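Next up, coords27.cif (mmCIF, C-alpha atoms):
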```
data_data
loop_
_atom_site.label_atom_id
_atom_site.label_comp_id
_atom_site.auth_asym_id
_atom_site.auth_seq_id
_atom_site.Cartn_x
_atom_site.Cartn_y
_atom_site.Cartn_z
CA GLY A 1 135.03 32.09 58.06
CA VAL A 2 137.60 31.51 60.83
CA VAL A 3 136.89 28.84 63.46
CA VAL A 4 137.06 30.45 66.90
CA ASP A 5 135.64 27.68 69.12
CA GLN A 6 134.25 24.18 68.96
CA GLY A 7 133.29 21.33 71.24
CA VAL A 8 130.41 19.66 73.05
CA GLY A 9 128.01 22.18 74.59
CA ARG A 10 130.02 25.19 73.43
CA LYS A 11 127.01 27.44 72.86
CA LYS A 12 128.56 30.82 73.63
CA VAL A 13 131.51 32.63 72.12
CA PRO A 14 132.83 36.19 72.67
CA VAL A 15 133.09 38.30 69.52
CA THR A 16 134.88 41.59 68.90
CA VAL A 17 133.15 43.55 66.19
CA GLY A 18 134.81 46.01 63.84
CA ALA A 19 134.44 49.74 63.42
CA LEU A 20 131.22 51.61 62.71
CA GLY A 21 129.85 50.45 59.38
CA SER A 22 131.76 47.17 59.33
CA GLU A 23 130.19 43.73 59.07
CA THR A 24 131.10 40.64 61.07
CA ARG A 25 129.43 37.42 59.97
CA ILE A 26 128.95 34.76 62.64
CA SER A 27 127.99 31.20 61.76
CA VAL A 28 127.52 28.04 63.81
CA LEU A 29 127.21 24.39 62.82
CA ALA A 30 125.55 22.12 65.38
CA THR A 31 125.71 18.32 65.10
CA ASN A 32 123.72 15.92 67.25
CA GLU A 33 124.67 12.36 68.28
CA ALA A 34 123.03 10.97 65.15
CA GLY A 35 125.25 13.11 62.96
CA GLU A 36 122.46 15.43 61.87
CA GLU A 37 123.64 18.98 61.23
CA THR A 38 121.91 22.33 61.73
CA GLU A 39 123.46 25.61 60.68
CA GLY A 40 122.65 29.23 61.60
CA SER A 41 124.26 32.60 60.99
CA LEU A 42 123.91 36.31 61.61
CA THR A 43 125.71 39.49 60.66
CA LEU A 44 126.76 42.09 63.23
CA ARG A 45 126.75 45.68 62.01
CA PRO A 46 127.91 48.16 64.70
CA ALA A 47 125.90 51.37 65.07
CA ASP A 48 125.58 54.06 67.70
CA VAL A 49 123.26 56.85 68.79
CA ASP A 50 123.83 59.73 71.20
CA LEU A 51 121.06 61.39 73.18
CA VAL A 52 121.44 65.12 73.73
CA TRP A 53 118.90 66.78 75.99
CA GLU A 54 118.15 69.98 77.85
CA GLY A 55 115.31 71.27 79.95
CA ARG A 56 112.86 73.79 78.54
CA THR A 57 114.00 76.37 81.05
CA TYR A 58 115.84 79.68 81.22
CA THR A 59 119.47 80.17 82.23
CA PRO A 60 121.38 83.48 82.44
CA PRO A 61 123.81 84.59 79.72
CA LEU A 62 127.18 82.79 79.86
CA TYR A 63 125.76 80.30 82.33
CA SER A 64 128.10 77.34 82.76
CA GLY A 65 125.90 74.33 82.15
CA ARG A 66 122.85 73.29 80.20
CA PRO A 67 119.28 74.18 81.13
CA LEU A 68 117.78 71.50 83.39
CA SER A 69 114.15 70.58 83.73
CA ASN A 70 112.57 71.88 86.91
CA GLY A 71 110.21 68.92 87.21
CA ASN A 72 107.36 70.69 85.45
CA SER A 73 108.93 72.45 82.47
CA GLY A 74 109.62 69.42 80.30
CA ALA A 75 112.67 68.74 78.16
CA VAL A 76 113.83 68.44 74.56
CA VAL A 77 115.70 65.24 73.67
CA THR A 78 117.54 64.91 70.37
CA ALA A 79 118.84 61.59 69.05
CA VAL A 80 122.08 61.90 67.07
CA PRO A 81 122.47 58.61 65.17
CA HIS A 82 125.68 57.19 63.72
CA VAL A 83 124.33 54.53 61.39
CA ILE A 84 125.97 53.02 58.33
CA GLY A 85 123.51 51.10 56.17
CA SER A 86 124.05 47.70 54.58
CA ALA A 87 125.25 49.48 51.43
CA GLY A 88 128.12 51.04 53.41
CA VAL A 89 126.68 54.57 53.25
CA ARG A 90 125.80 56.71 56.28
CA VAL A 91 122.02 56.92 56.60
CA PRO A 92 120.60 60.45 57.11
CA ALA A 93 118.82 60.98 60.42
CA SER A 94 115.64 61.87 58.55
CA GLU A 95 115.56 58.42 56.89
CA LEU A 96 115.84 56.37 60.05
CA MET A 97 113.07 54.92 62.20
CA TYR A 98 112.82 55.96 65.85
CA VAL A 99 111.04 54.19 68.69
CA CYS A 100 110.89 56.15 71.94
CA SER A 101 109.93 54.88 75.35
CA ILE A 102 109.53 56.78 78.61
CA ASN A 103 109.98 54.87 81.87
CA GLY A 104 109.71 51.60 79.95
CA THR A 105 106.48 52.47 78.10
CA GLU A 106 106.59 53.02 74.36
CA ALA A 107 105.50 56.52 73.37
CA LYS A 108 103.97 55.98 69.94
CA SER A 109 102.93 59.63 69.58
CA ILE A 110 106.58 60.72 69.47
CA SER A 111 107.96 57.74 67.54
CA GLY A 112 108.26 57.23 63.79
CA LYS A 113 110.36 57.94 60.73
CA GLY A 114 112.70 60.91 61.07
CA ARG A 115 111.45 61.79 64.56
CA SER A 116 114.87 62.38 66.07
CA THR A 117 113.70 65.23 68.33
CA ILE A 118 111.40 64.57 71.26
CA VAL A 119 109.56 67.20 73.29
CA MET A 120 108.39 65.72 76.56
CA ARG A 121 107.01 66.70 79.91
CA SER A 122 108.85 66.05 83.13
CA SER A 123 107.66 64.48 86.33
CA LEU A 124 107.63 66.03 89.79
CA ASP A 125 108.00 62.70 91.59
CA ARG A 126 110.94 61.18 89.69
CA ALA A 127 113.40 61.84 86.89
CA PRO A 128 112.07 60.13 83.74
CA VAL A 129 114.19 57.67 81.77
CA VAL A 130 114.03 58.14 78.01
CA ALA A 131 115.12 55.30 75.72
CA VAL A 132 115.42 55.57 71.94
CA THR A 133 115.93 52.76 69.44
CA VAL A 134 117.09 53.80 65.97
CA SER A 135 117.01 51.49 62.97
CA THR A 136 117.17 51.43 59.22
CA LYS A 137 113.97 50.66 57.31
CA ASP A 138 115.07 47.08 56.69
CA LYS A 139 115.92 46.63 60.43
CA LEU A 140 119.37 45.33 59.48
CA VAL A 141 121.12 48.04 61.51
CA VAL A 142 119.85 48.95 64.98
CA ALA A 143 121.20 51.14 67.78
CA ASP A 144 119.70 52.16 71.11
CA GLU A 145 120.51 54.47 73.99
CA SER A 146 118.84 55.78 77.14
CA ALA A 147 119.19 58.84 79.35
CA VAL A 148 117.89 60.01 82.70
CA ILE A 149 116.34 63.49 82.42
CA GLU A 150 117.70 65.10 85.56
CA THR A 151 115.54 67.66 87.34
CA GLN A 152 116.57 70.66 89.40
CA THR A 153 114.54 73.06 91.50
CA PRO A 154 114.63 76.70 90.34
CA SER A 155 117.20 78.98 91.90
CA ALA A 156 118.53 82.51 91.64
CA VAL A 157 121.99 83.89 90.92
CA ILE A 158 123.25 87.43 91.54
CA TYR A 159 126.14 89.23 89.81
CA GLU A 160 127.77 92.57 90.45
CA ASN A 161 127.02 95.19 87.82
CA SER A 162 130.27 97.08 87.25
CA PRO A 163 130.16 100.63 85.77
CA LEU A 164 133.12 99.79 83.53
CA GLY A 165 132.82 96.04 82.92
CA GLY A 166 129.05 95.62 82.92
CA ILE A 167 127.55 92.54 84.53
CA LEU A 168 130.39 90.39 85.88
CA PHE A 169 129.08 86.98 84.79
CA ASN A 170 132.37 85.30 85.72
CA LYS A 171 131.65 85.43 89.46
CA ALA A 172 128.35 84.92 91.22
CA ILE A 173 127.73 86.81 94.45
CA ALA A 174 127.80 84.63 97.59
CA GLY A 175 128.50 85.14 101.27
CA ALA A 176 129.70 88.65 102.15
CA VAL A 177 130.38 91.52 99.73
CA ALA A 178 132.55 94.49 100.72
CA PHE A 179 130.98 97.87 99.96
CA SER A 180 134.22 99.74 99.25
CA GLU A 181 133.01 102.32 96.71
CA GLU A 182 130.39 105.03 97.01
CA GLU A 183 127.94 103.01 94.93
CA ILE A 184 127.45 99.36 94.08
CA SER A 185 124.91 97.69 91.81
CA PHE A 186 123.69 94.11 91.42
CA THR A 187 121.69 92.25 88.77
CA ALA A 188 119.82 89.07 89.65
CA PHE A 189 118.71 86.27 87.35
CA PRO A 190 116.34 83.33 87.81
CA VAL A 191 117.69 79.89 86.88
CA PHE A 192 115.72 76.88 85.59
CA VAL A 193 112.39 78.69 85.25
CA THR A 194 109.93 78.34 82.41
CA ASN A 195 109.43 82.02 81.61
CA PRO A 196 111.45 84.75 83.38
CA ASP A 197 109.06 87.43 82.08
CA ALA A 198 106.15 85.84 83.98
CA LEU A 199 107.86 86.06 87.35
CA SER A 200 107.33 88.52 90.18
CA TYR A 201 110.63 89.82 91.64
CA GLN A 202 111.36 91.24 95.08
CA TRP A 203 114.41 92.71 96.82
CA SER A 204 114.67 93.24 100.55
CA LEU A 205 117.23 94.92 102.82
CA SER A 206 117.52 93.33 106.26
CA GLY A 207 114.00 92.00 105.88
CA THR A 208 112.41 95.20 104.51
CA PRO A 209 111.13 94.86 100.91
CA PHE A 210 111.99 97.59 98.40
CA VAL A 211 111.74 98.24 94.67
CA LEU A 212 114.32 100.51 93.05
CA ASP A 213 113.52 100.10 89.36
CA GLU A 214 110.04 98.98 88.33
CA GLU A 215 111.09 98.68 84.69
CA ASN A 216 113.97 96.38 85.63
CA PRO A 217 113.12 94.82 88.99
CA ARG A 218 116.09 92.47 88.84
CA VAL A 219 118.52 95.39 89.40
CA ALA A 220 119.36 96.89 92.79
CA THR A 221 121.77 99.79 93.41
CA PHE A 222 123.05 100.91 96.82
CA ARG A 223 124.75 104.20 97.74
CA LYS A 224 126.57 105.23 100.89
CA THR A 225 124.96 108.09 102.83
CA GLY A 226 127.27 108.42 105.82
CA GLU A 227 130.63 107.60 107.37
CA GLY A 228 129.51 104.72 109.61
CA THR A 229 130.12 101.02 109.22
CA GLY A 230 127.75 98.12 109.31
CA SER A 231 126.41 95.00 107.67
CA TYR A 232 123.10 94.46 105.94
CA THR A 233 121.45 91.35 104.53
CA VAL A 234 120.37 91.77 100.91
CA SER A 235 117.84 89.26 99.66
CA PHE A 236 116.41 88.63 96.19
CA SER A 237 113.44 86.38 95.51
CA PHE A 238 111.02 85.51 92.73
CA ASN A 239 107.85 83.51 92.24
CA ASP A 240 105.35 82.61 89.54
CA ILE A 241 101.73 82.66 90.69
CA ALA A 242 100.77 80.40 87.77
CA ARG A 243 103.48 77.86 88.58
CA LEU A 244 103.72 77.53 92.35
CA PHE A 245 106.72 75.25 91.98
CA GLU A 246 108.81 78.07 90.47
CA HIS A 247 110.16 80.19 93.31
CA ALA A 248 113.57 80.81 94.90
CA THR A 249 115.48 83.15 97.21
CA ARG A 250 119.13 84.21 97.23
CA ALA A 251 120.76 86.34 99.97
CA PHE A 252 124.14 87.81 100.79
CA SER A 253 125.69 90.27 103.27
CA LEU A 254 126.68 93.78 102.25
CA THR A 255 129.35 95.16 104.60
CA PHE A 256 131.01 98.57 104.75
#
```
For this file, produce the structure as structure tokens.
Amino acid sequence: GVVVDQGVGRKKVPVTVGALGSETRISVLATNEAGEETEGSLTLRPADVDLVWEGRTYTPPLYSGRPLSNGNSGAVVTAVPHVIGSAGVRVPASELMYVCSINGTEAKSISGKGRSTIVMRSSLDRAPVVAVTVSTKDKLVVADESAVIETQTPSAVIYENSPLGGILFNKAIAGAVAFSEEEISFTAFPVFVTNPDALSYQWSLSGTPFVLDEENPRVATFRKTGEGTGSYTVSFSFNDIARLFEHATRAFSLTF
């Protein structure tokens, strides 16, 4: 109801909308040279939606970061809408309509009423872009958002297994490790794999493979047997014969 601009050819005007759930009514009156008038109006209702996603992959306990798709594992995307209906009441997520598109193509099979969670496959050649449009049934309130589903190749991480403190998840093993005690133990974990139980694990010492614990092949324990000094390369690797893409190697030096 407040005039904000007027004049010949003034077809555009900037508008600042209110808070979530507010309404801002915009109207325009156009008059031609003959004095004929045409009027139009619309109502702006701010809304928002967040997209939360994670890859369908495994990460170790206390891992700092979300699971990422490895390019073949797929991802789960959840839309978290913040929509206030025309009646001024927040609309439950289950009552909203969702239209999902992947790389610009509408995915009708995962769109519809209340379908706020999307399970999708990833792509090995590029990170897919997921876009979601959320609306009320009457289409009076609409919000949209998009996200790039980042991919990451699988990797491995190794932690020291302390007799008193257990697995030291606060510090991953990298570079050189001093062998100062009579015995030292390590536990390795795969990262960004589909199923850690389907993997084959292998340790090696200076290039020679070994298995210390068949029931828990991700654990390796070393004991000193003499008074000499030296340095050895310890390597841990895994692979999945059913998913050739899922393999990784991690190595460090053990010095004493």
Got a sec to resolve the PyMOL selection byres ((chain A and resi 222-230) around 10) on this structure and send the residues as a PDB file with C-alpha atoms, keeping the file's coordinate frame?
```
ATOM      1  CA  PHE A 179     130.980  97.870  99.960  1.00  0.00           C
ATOM      2  CA  SER A 180     134.220  99.740  99.250  1.00  0.00           C
ATOM      3  CA  GLU A 181     133.010 102.320  96.710  1.00  0.00           C
ATOM      4  CA  GLU A 182     130.390 105.030  97.010  1.00  0.00           C
ATOM      5  CA  GLU A 183     127.940 103.010  94.930  1.00  0.00           C
ATOM      6  CA  ILE A 184     127.450  99.360  94.080  1.00  0.00           C
ATOM      7  CA  SER A 185     124.910  97.690  91.810  1.00  0.00           C
ATOM      8  CA  PHE A 186     123.690  94.110  91.420  1.00  0.00           C
ATOM      9  CA  LEU A 212     114.320 100.510  93.050  1.00  0.00           C
ATOM     10  CA  ALA A 220     119.360  96.890  92.790  1.00  0.00           C
ATOM     11  CA  THR A 221     121.770  99.790  93.410  1.00  0.00           C
ATOM     12  CA  SER A 231     126.410  95.000 107.670  1.00  0.00           C
ATOM     13  CA  TYR A 232     123.100  94.460 105.940  1.00  0.00           C
ATOM     14  CA  LEU A 254     126.680  93.780 102.250  1.00  0.00           C
ATOM     15  CA  THR A 255     129.350  95.160 104.600  1.00  0.00           C
ATOM     16  CA  PHE A 256     131.010  98.570 104.750  1.00  0.00           C
TER      17      PHE A 256
END
```
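Evaluated against the shown file, the PyMOL selection byres ((chain A and resi 110) around 12) gives A:Val76, A:Val77, A:Thr78, A:Met97, A:Tyr98, A:Val99, A:Cys100, A:Ser101, A:Ile102, A:Thr105, A:Glu106, A:Ala107, A:Lys108, A:Ser109, A:Ser111, A:Gly112, A:Lys113, A:Gly114, A:Arg115, A:Ser116, A:Thr117, A:Ile118, A:Val119, A:Met120, A:Val130, A:Ala131, A:Val132.
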Report task. I would like the residues chosen by the PyMOL selection byres ((chain A and resi 40) around 7) on the shown file; could you give them as a list in words? Result ->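 With the PyMOL selection byres ((chain A and resi 40) around 7) on this model, the match is Ser27, Val28, Leu29, Thr38, Glu39 and Ser41 of chain A.
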So that each row is one residue of stretch 151-248 of chain A with an atom at most 9 Å from stretch 67-71 of chain A, can you give its shortest atom pair and the distance in Å to one decimal, using only C-alpha atoms, rows by chain and rising number, as a tab-separated table?
```
residue	atom	partner	partner_atom	distance
A:Thr151	CA	A:Ser69	CA	4.8
A:Gln152	CA	A:Asn70	CA	4.9
A:Thr153	CA	A:Asn70	CA	5.1
A:Pro154	CA	A:Asn70	CA	6.3
A:Val191	CA	A:Pro67	CA	8.3
A:Phe192	CA	A:Asn70	CA	6.1
A:Val193	CA	A:Asn70	CA	7.0
A:Thr194	CA	A:Asn70	CA	8.3
A:Phe245	CA	A:Asn70	CA	8.4
A:Glu246	CA	A:Asn70	CA	8.1
```
For those residues, write C-alpha atoms to a file as a PDB file, in the frame of the given file.
```
ATOM      1  CA  THR A 151     115.540  67.660  87.340  1.00  0.00           C
ATOM      2  CA  GLN A 152     116.570  70.660  89.400  1.00  0.00           C
ATOM      3  CA  THR A 153     114.540  73.060  91.500  1.00  0.00           C
ATOM      4  CA  PRO A 154     114.630  76.700  90.340  1.00  0.00           C
ATOM      5  CA  VAL A 191     117.690  79.890  86.880  1.00  0.00           C
ATOM      6  CA  PHE A 192     115.720  76.880  85.590  1.00  0.00           C
ATOM      7  CA  VAL A 193     112.390  78.690  85.250  1.00  0.00           C
ATOM      8  CA  THR A 194     109.930  78.340  82.410  1.00  0.00           C
ATOM      9  CA  PHE A 245     106.720  75.250  91.980  1.00  0.00           C
ATOM     10  CA  GLU A 246     108.810  78.070  90.470  1.00  0.00           C
TER      11      GLU A 246
END
```
Pairwise distance for atom CA of A:Thr43 and atom CA of A:Val2, rounded to one decimal in Å: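 The value is 14.3 Å.
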query: So which one's closest to A:Asn103, A:Leu62, A:Ile149, A:Val80, A:Leu244? Using only C-alpha atoms, please.
result: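 The answer is A:Ile149, which sits nearest to A:Asn103.
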Pairwise distance, atom CA of A:Tyr201 with atom CA of A:Ala75, equals 25.1 Å
Please check which residues have atoms at most 9 Å from (105.4, 91.3, 94.3) in the file's coordinates, counting all atoms listed in the file, and write them as a short mmCIF file (atom, residue, chain, number, x, y, z; two decimals) with C-alpha atoms, in the coordinates of the input.
```
data_model
loop_
_atom_site.label_atom_id
_atom_site.label_comp_id
_atom_site.auth_asym_id
_atom_site.auth_seq_id
_atom_site.Cartn_x
_atom_site.Cartn_y
_atom_site.Cartn_z
CA SER A 200 107.33 88.52 90.18
CA TYR A 201 110.63 89.82 91.64
CA GLN A 202 111.36 91.24 95.08
CA PHE A 238 111.02 85.51 92.73
CA ASN A 239 107.85 83.51 92.24
#
```
Which centre and which edge lengths, in Å to one decimal, describe the axis-aligned box that holds all listed atoms of stretch 171-188 of chain A after 4 Å is added on each side, as JSON?
```
{"center_x": 127.0, "center_y": 94.8, "center_z": 95.5, "size_x": 22.4, "size_y": 28.4, "size_z": 21.4}
```
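The two atoms in question, atom CA of A:Ala19 and atom CA of A:Pro81, are spaced 15.0 Å apart.
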query: If we count only C-alpha atoms, what is near A:Asp144 at a cut-off of 9 Å, once residues fewer than 2 positions away on the same chain are taken out, given as number ranges by chain?
result: A: 47-50, 131-135, 142, 146
message = Need the shell around A:Arg90: protein/DNA/RNA residues with any atom at most 12 Å away, counting all atoms listed in the file. Skip same-chain ones fewer than 6 positions apart. Format as a ChimeraX atom specification?
response = /A:20-22,47-48,81-84,96,136,141
**OP:** Using only C-alpha atoms, pick whichever of A:Ser204, A:Leu44, A:Gly165, A:Ser73 has the shortest atom-to-atom distance to A:Gly85.
**Re:**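 Selected residue with least distance to A:Gly85: A:Leu44.
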* Pick the closest to A:Ser155 from A:Leu42, A:Val91, A:Ala251, A:Ala30: which is it, counting all atoms listed in the file? ->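 Selected residue with least distance to A:Ser155: A:Ala251.
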Legend entry - Protein/DNA/RNA residues near (128.6, 94.8, 88.9), cut 10 Å, all atoms listed in the file, as an MDAnalysis selection string: chainID A and resid 158:169 171 173 184:187 221
